[in-house]
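Undergrad: So here's start36.cif (mmCIF, C-alpha atoms).
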data_model
loop_
_atom_site.group_PDB
_atom_site.id
_atom_site.type_symbol
_atom_site.label_atom_id
_atom_site.label_comp_id
_atom_site.auth_asym_id
_atom_site.auth_seq_id
_atom_site.Cartn_x
_atom_site.Cartn_y
_atom_site.Cartn_z
ATOM 1 C CA MET A 1478 45.475 187.664 -45.829
ATOM 2 C CA THR A 1479 48.006 186.956 -48.593
ATOM 3 C CA GLU A 1480 51.699 187.452 -47.823
ATOM 4 C CA TYR A 1481 53.691 189.134 -50.602
ATOM 5 C CA LEU A 1482 57.386 188.381 -50.924
ATOM 6 C CA ASP A 1483 59.849 190.135 -53.204
ATOM 7 C CA HIS A 1484 62.115 188.089 -55.459
ATOM 8 C CA VAL A 1485 64.943 187.939 -52.925
ATOM 9 C CA ALA A 1486 62.659 186.917 -50.072
ATOM 10 C CA ARG A 1487 61.312 184.035 -52.202
ATOM 11 C CA ILE A 1488 64.874 182.885 -52.919
ATOM 12 C CA GLN A 1489 65.801 183.137 -49.240
ATOM 13 C CA ARG A 1490 62.739 181.141 -48.247
ATOM 14 C CA ALA A 1491 63.598 178.385 -50.739
ATOM 15 C CA TRP A 1492 67.221 178.214 -49.556
ATOM 16 C CA ALA A 1493 66.158 178.189 -45.924
ATOM 17 C CA ARG A 1494 63.936 175.213 -46.709
ATOM 18 C CA GLU A 1495 66.625 173.379 -48.721
ATOM 19 C CA ARG A 1496 69.651 174.345 -46.622
ATOM 20 C CA PRO A 1497 68.457 175.102 -43.083
ATOM 21 C CA ASP A 1498 72.068 174.654 -41.948
ATOM 22 C CA LEU A 1499 73.084 177.934 -43.678
ATOM 23 C CA ASP A 1500 72.360 181.521 -42.651
ATOM 24 C CA VAL A 1501 70.843 183.028 -45.796
ATOM 25 C CA ARG A 1502 70.197 186.457 -44.256
ATOM 26 C CA PRO A 1503 73.106 188.057 -46.207
ATOM 27 C CA GLN A 1504 71.083 187.505 -49.387
ATOM 28 C CA GLY A 1505 68.540 189.952 -48.001
ATOM 29 C CA VAL A 1506 71.052 192.780 -48.390
ATOM 30 C CA ILE A 1507 73.395 191.589 -51.133
ATOM 31 C CA GLY A 1508 70.647 190.154 -53.333
ATOM 32 C CA ARG A 1509 68.517 193.269 -53.059
ATOM 33 C CA LEU A 1510 71.494 195.555 -53.766
ATOM 34 C CA HIS A 1511 72.337 193.468 -56.822
ATOM 35 C CA ARG A 1512 68.772 193.577 -58.157
ATOM 36 C CA LEU A 1513 68.401 197.261 -57.317
ATOM 37 C CA ALA A 1514 71.638 198.056 -59.163
ATOM 38 C CA GLY A 1515 70.198 196.436 -62.280
ATOM 39 C CA HIS A 1516 66.959 198.413 -62.042
ATOM 40 C CA LEU A 1517 68.764 201.681 -61.323
ATOM 41 C CA GLY A 1518 71.257 201.094 -64.138
ATOM 42 C CA GLU A 1519 68.447 200.670 -66.642
ATOM 43 C CA GLN A 1520 66.742 203.840 -65.409
ATOM 44 C CA LEU A 1521 70.014 205.771 -65.775
ATOM 45 C CA ARG A 1522 70.705 204.407 -69.273
ATOM 46 C CA VAL A 1523 67.355 205.796 -70.481
ATOM 47 C CA VAL A 1524 68.799 209.308 -70.143
ATOM 48 C CA TYR A 1525 72.120 208.380 -71.777
ATOM 49 C CA ARG A 1526 70.312 206.896 -74.778
ATOM 50 C CA ARG A 1527 68.242 210.081 -75.152
ATOM 51 C CA TYR A 1528 71.524 211.853 -75.908
ATOM 52 C CA GLY A 1529 72.853 209.128 -78.191
ATOM 53 C CA LEU A 1530 75.327 207.926 -75.568
ATOM 54 C CA GLY A 1531 76.147 204.647 -73.955
ATOM 55 C CA GLU A 1532 77.027 204.514 -70.291
ATOM 56 C CA GLY A 1533 80.740 204.466 -71.136
ATOM 57 C CA GLU A 1534 80.601 207.479 -73.425
ATOM 58 C CA PHE A 1535 78.593 209.428 -70.859
ATOM 59 C CA ASP A 1536 81.239 208.559 -68.272
ATOM 60 C CA VAL A 1537 84.095 209.798 -70.489
ATOM 61 C CA LEU A 1538 82.352 213.084 -71.308
ATOM 62 C CA ALA A 1539 81.438 213.613 -67.644
ATOM 63 C CA THR A 1540 85.035 212.918 -66.574
ATOM 64 C CA LEU A 1541 86.358 215.470 -69.058
ATOM 65 C CA ARG A 1542 83.724 218.052 -68.068
ATOM 66 C CA ARG A 1543 84.380 217.825 -64.342
ATOM 67 C CA ALA A 1544 88.135 218.131 -64.964
ATOM 68 C CA GLY A 1545 87.530 221.857 -65.431
ATOM 69 C CA GLU A 1546 89.099 224.134 -68.024
ATOM 70 C CA PRO A 1547 90.481 223.175 -70.500
ATOM 71 C CA PHE A 1548 88.340 219.980 -70.136
ATOM 72 C CA GLU A 1549 91.029 217.510 -71.096
ATOM 73 C CA ARG A 1550 92.838 214.439 -69.801
ATOM 74 C CA THR A 1551 95.208 211.814 -71.109
ATOM 75 C CA PRO A 1552 93.660 208.481 -72.145
ATOM 76 C CA GLY A 1553 95.382 206.876 -69.136
ATOM 77 C CA GLU A 1554 93.787 209.386 -66.766
ATOM 78 C CA LEU A 1555 90.405 208.776 -68.384
ATOM 79 C CA ALA A 1556 90.832 205.023 -67.955
ATOM 80 C CA ALA A 1557 91.765 205.482 -64.300
ATOM 81 C CA HIS A 1558 88.798 207.777 -63.586
ATOM 82 C CA THR A 1559 86.322 205.515 -65.327
ATOM 83 C CA MET A 1560 87.980 202.294 -64.130
ATOM 84 C CA VAL A 1561 88.117 200.611 -67.531
ATOM 85 C CA THR A 1562 91.040 199.226 -69.484
ATOM 86 C CA THR A 1563 92.958 201.472 -71.850
ATOM 87 C CA GLY A 1564 91.749 199.285 -74.737
ATOM 88 C CA ALA A 1565 88.111 199.866 -73.806
ATOM 89 C CA MET A 1566 88.888 203.551 -73.359
ATOM 90 C CA THR A 1567 90.352 203.751 -76.866
ATOM 91 C CA LYS A 1568 87.090 202.437 -78.338
ATOM 92 C CA ARG A 1569 85.066 204.976 -76.389
ATOM 93 C CA ILE A 1570 87.324 207.838 -77.427
ATOM 94 C CA ASP A 1571 87.221 206.687 -81.075
ATOM 95 C CA ARG A 1572 83.416 206.819 -81.081
ATOM 96 C CA LEU A 1573 83.264 210.190 -79.313
ATOM 97 C CA GLU A 1574 85.865 211.634 -81.690
ATOM 98 C CA ARG A 1575 83.955 210.290 -84.693
ATOM 99 C CA ASP A 1576 80.819 212.012 -83.354
ATOM 100 C CA GLY A 1577 82.693 215.318 -82.928
ATOM 101 C CA LEU A 1578 82.383 215.342 -79.133
ATOM 102 C CA VAL A 1579 86.108 215.065 -78.306
ATOM 103 C CA THR A 1580 89.401 215.692 -80.042
ATOM 104 C CA ARG A 1581 92.801 214.049 -79.615
ATOM 105 C CA ARG A 1582 96.086 215.862 -79.920
ATOM 106 C CA PRO A 1583 99.706 215.239 -78.992
ATOM 107 C CA SER A 1584 100.613 216.109 -75.411
ATOM 108 C CA ALA A 1585 102.663 219.274 -75.006
ATOM 109 C CA SER A 1586 104.566 217.715 -72.089
ATOM 110 C CA ASP A 1587 105.091 214.203 -73.503
ATOM 111 C CA GLY A 1588 105.892 213.866 -77.199
ATOM 112 C CA ARG A 1589 104.600 210.286 -77.276
ATOM 113 C CA GLY A 1590 101.461 210.990 -75.242
ATOM 114 C CA ARG A 1591 98.035 212.111 -76.362
ATOM 115 C CA VAL A 1592 95.450 214.385 -74.775
ATOM 116 C CA VAL A 1593 91.690 214.023 -75.166
ATOM 117 C CA ALA A 1594 89.625 217.203 -74.914
ATOM 118 C CA LEU A 1595 85.942 218.063 -75.062
ATOM 119 C CA THR A 1596 84.828 219.929 -78.137
ATOM 120 C CA THR A 1597 82.278 222.724 -77.852
ATOM 121 C CA ALA A 1598 79.627 220.266 -79.034
ATOM 122 C CA GLY A 1599 80.813 217.718 -76.458
ATOM 123 C CA ARG A 1600 80.631 220.227 -73.642
ATOM 124 C CA LYS A 1601 77.160 221.348 -74.669
ATOM 125 C CA LEU A 1602 75.953 217.737 -74.900
ATOM 126 C CA ILE A 1603 77.365 216.639 -71.532
ATOM 127 C CA ASP A 1604 76.033 219.752 -69.805
ATOM 128 C CA GLN A 1605 72.526 218.970 -71.093
ATOM 129 C CA ALA A 1606 72.803 215.241 -70.436
ATOM 130 C CA PHE A 1607 74.236 215.712 -66.942
ATOM 131 C CA THR A 1608 71.472 218.154 -66.010
ATOM 132 C CA GLU A 1609 68.862 215.580 -67.020
ATOM 133 C CA HIS A 1610 70.900 212.809 -65.350
ATOM 134 C CA MET A 1611 70.778 214.683 -62.035
ATOM 135 C CA ARG A 1612 67.008 215.213 -62.370
ATOM 136 C CA ASN A 1613 66.646 211.485 -63.038
ATOM 137 C CA GLU A 1614 68.783 210.532 -60.030
ATOM 138 C CA ARG A 1615 66.732 212.910 -57.873
ATOM 139 C CA ARG A 1616 63.526 211.238 -59.114
ATOM 140 C CA LEU A 1617 64.921 207.809 -58.237
ATOM 141 C CA LEU A 1618 66.182 208.864 -54.817
ATOM 142 C CA ASP A 1619 62.883 210.580 -54.026
ATOM 143 C CA LEU A 1620 61.301 207.113 -53.963
ATOM 144 C CA LEU A 1621 62.722 207.008 -50.417
ATOM 145 C CA PRO A 1622 61.879 209.375 -47.567
ATOM 146 C CA PRO A 1623 64.702 211.978 -47.233
ATOM 147 C CA GLU A 1624 65.854 210.668 -43.853
ATOM 148 C CA ASP A 1625 66.085 207.108 -45.233
ATOM 149 C CA ALA A 1626 68.058 208.331 -48.251
ATOM 150 C CA ALA A 1627 70.512 210.196 -45.994
ATOM 151 C CA HIS A 1628 70.892 207.150 -43.739
ATOM 152 C CA LEU A 1629 71.410 204.873 -46.737
ATOM 153 C CA GLU A 1630 74.088 207.210 -48.101
ATOM 154 C CA ARG A 1631 75.990 207.047 -44.806
ATOM 155 C CA LEU A 1632 75.696 203.258 -44.642
ATOM 156 C CA LEU A 1633 76.874 202.803 -48.218
ATOM 157 C CA ALA A 1634 79.810 205.195 -47.719
ATOM 158 C CA THR A 1635 80.880 203.244 -44.646
ATOM 159 C CA TRP A 1636 80.576 199.921 -46.444
ATOM 160 C CA LEU A 1637 82.358 201.175 -49.566
ATOM 161 C CA ALA A 1638 85.256 202.388 -47.408
ATOM 162 C CA ALA A 1639 85.934 198.730 -46.578
ATOM 163 C CA PHE A 1640 86.813 198.206 -50.265
ATOM 164 C CA GLU A 1641 88.160 201.599 -51.387
ATOM 165 C CA THR A 1642 90.444 203.920 -49.500
ATOM 166 C CA PRO A 1643 88.730 207.301 -49.120
ATOM 167 C CA LEU A 1644 90.880 210.345 -49.863
ATOM 168 C CA PRO A 1645 90.934 213.496 -47.733
ATOM 169 C CA ALA A 1646 88.058 215.810 -48.650
ATOM 170 C CA ALA A 1647 90.247 218.914 -48.417
ATOM 171 C CA ASP A 1648 92.607 217.695 -51.172
ATOM 172 C CA PRO A 1649 91.681 219.574 -54.399
ATOM 173 C CA THR A 1650 93.676 217.049 -56.465
ATOM 174 C CA THR A 1651 91.649 214.093 -55.195
ATOM 175 C CA GLU A 1652 90.189 213.220 -58.569
ATOM 176 C CA ALA A 1653 93.325 214.082 -60.492
ATOM 177 C CA ALA A 1654 95.209 211.508 -58.447
ATOM 178 C CA GLY A 1655 92.985 208.721 -59.735
ATOM 179 C CA PRO A 1656 91.560 205.794 -57.828
ATOM 180 C CA THR A 1657 93.427 204.406 -54.887
ATOM 181 C CA SER A 1658 94.448 200.840 -54.471
ATOM 182 C CA THR A 1659 92.058 198.488 -52.801
ATOM 183 C CA PRO A 1660 93.051 197.924 -49.190
ATOM 184 C CA PRO A 1661 93.182 194.450 -47.737
ATOM 185 C CA PRO A 1662 89.905 193.185 -46.323
ATOM 186 C CA PRO A 1663 89.180 194.443 -42.819
ATOM 187 C CA THR A 1664 90.293 192.148 -40.062
ATOM 188 C CA ARG A 1665 87.615 190.586 -37.920
ATOM 189 C CA PRO A 1666 87.830 190.696 -34.140
#
Please express what this file holds, its structure, as structure tokens.

TA:
Amino acid sequence: MTEYLDHVARIQRAWARERPDLDVRPQGVIGRLHRLAGHLGEQLRVVYRRYGLGEGEFDVLATLRRAGEPFERTPGELAAHTMVTTGAMTKRIDRLERDGLVTRRPSASDGRGRVVALTTAGRKLIDQAFTEHMRNERRLLDLLPPEDAAHLERLLATWLAAFETPLPAADPTTEAAGPTSTPPPPTRP
């Protein structure tokens, strides 16, 4: 009977042969997560492209939409919520403004600041795109049995907490506060 190995298993086998002094088991998790992220990213971008959006533009529109009425944020807040530089954010906002999906105006509270807001067309587009995005994510997650998906979610949340400080769930300003600083690596016993 023929043994079938995925890409990562073939790499691990080759390294185990060439460097038997090293434990290559971490590649089994890290390598597969890395490859899976690439496959998932491409599957997600299919939906974004259907709506004429790149991943970055989708992210900006989604961030504005989930901000709630009046669906606006400063460029700095957008950069913090999407974790990109303000320069990259400016390019995204320029494109979205050119396409009539957002507007920019001076901030009422800071004369030098600007506010980016969804237009009616932008809100309609992100509502449609996000609905399809959620259907697509459901389709991808349904490739796993429900109990495996729930277990994986718990494992990933635990692992991610080693890199990002979770915020209290009861805090309604959680997203408005922006991302937290990365804590130092966990200490090993």

Undergrad: Centre and edge lengths, as JSON, for the axis-aligned box enclosing every listed atom of region 1565-1570 of chain A with 3 Å of padding on each of the six sides, in Å to one decimal?

TA:
{"center_x": 87.7, "center_y": 203.9, "center_z": -75.8, "size_x": 11.3, "size_y": 14.0, "size_z": 11.0}

Undergrad: Please provide as an MDAnalysis selection string all residues within 10 Å of Leu1555 (chain A), with the sequence filter that same-chain residues fewer than 2 positions apart are discarded (counting only C-alpha atoms).

TA: chainID A and resid 1536:1538 1540:1541 1549:1553 1557:1563 1566:1567 1570 1592:1593 1653 1655

Undergrad: Please, what distance in Å, to one decimal, runs between CA of Pro1583 (chain A) and CA of Ala1539 (chain A)?

TA: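 So the two atoms, CA of Pro1583 (chain A) and CA of Ala1539 (chain A), lie 21.6 Å apart.
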
Undergrad: Here is a test: counting only C-alpha atoms, which residue of A:Ala1598, A:Ala1606, A:Leu1617, A:Ala1627 is nearest to Leu1530 (chain A)?

TA: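 Residue with the minimum atom-to-atom distance to Leu1530 (chain A): A:Ala1606.
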
Undergrad: Name the residues captured by the PyMOL selection byres ((chain A and resi 1522) around 12) when it is applied to the shown file; answer as a ChimeraX atom specification.

TA: /A:1514-1521,1523-1536,1606,1609-1610,1613-1614

Undergrad: Tell me which protein, DNA and RNA residues are within 7 Å of Thr1580 (chain A), counting only C-alpha atoms, leaving out same-chain ones fewer than 5 positions away, and put them as number ranges by chain.

TA: A: 1574, 1593-1596

Undergrad: Using CA of Arg1600 (chain A) and CA of Gly1545 (chain A) as the two end points, give the distance in Å to one decimal.

TA: 10.8 Å

Undergrad: What does the distance between CA of Arg1542 (chain A) and CA of Ile1603 (chain A) come to in Å, to one decimal place?

TA: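 Separation of CA of Arg1542 (chain A) and CA of Ile1603 (chain A): 7.4 Å.
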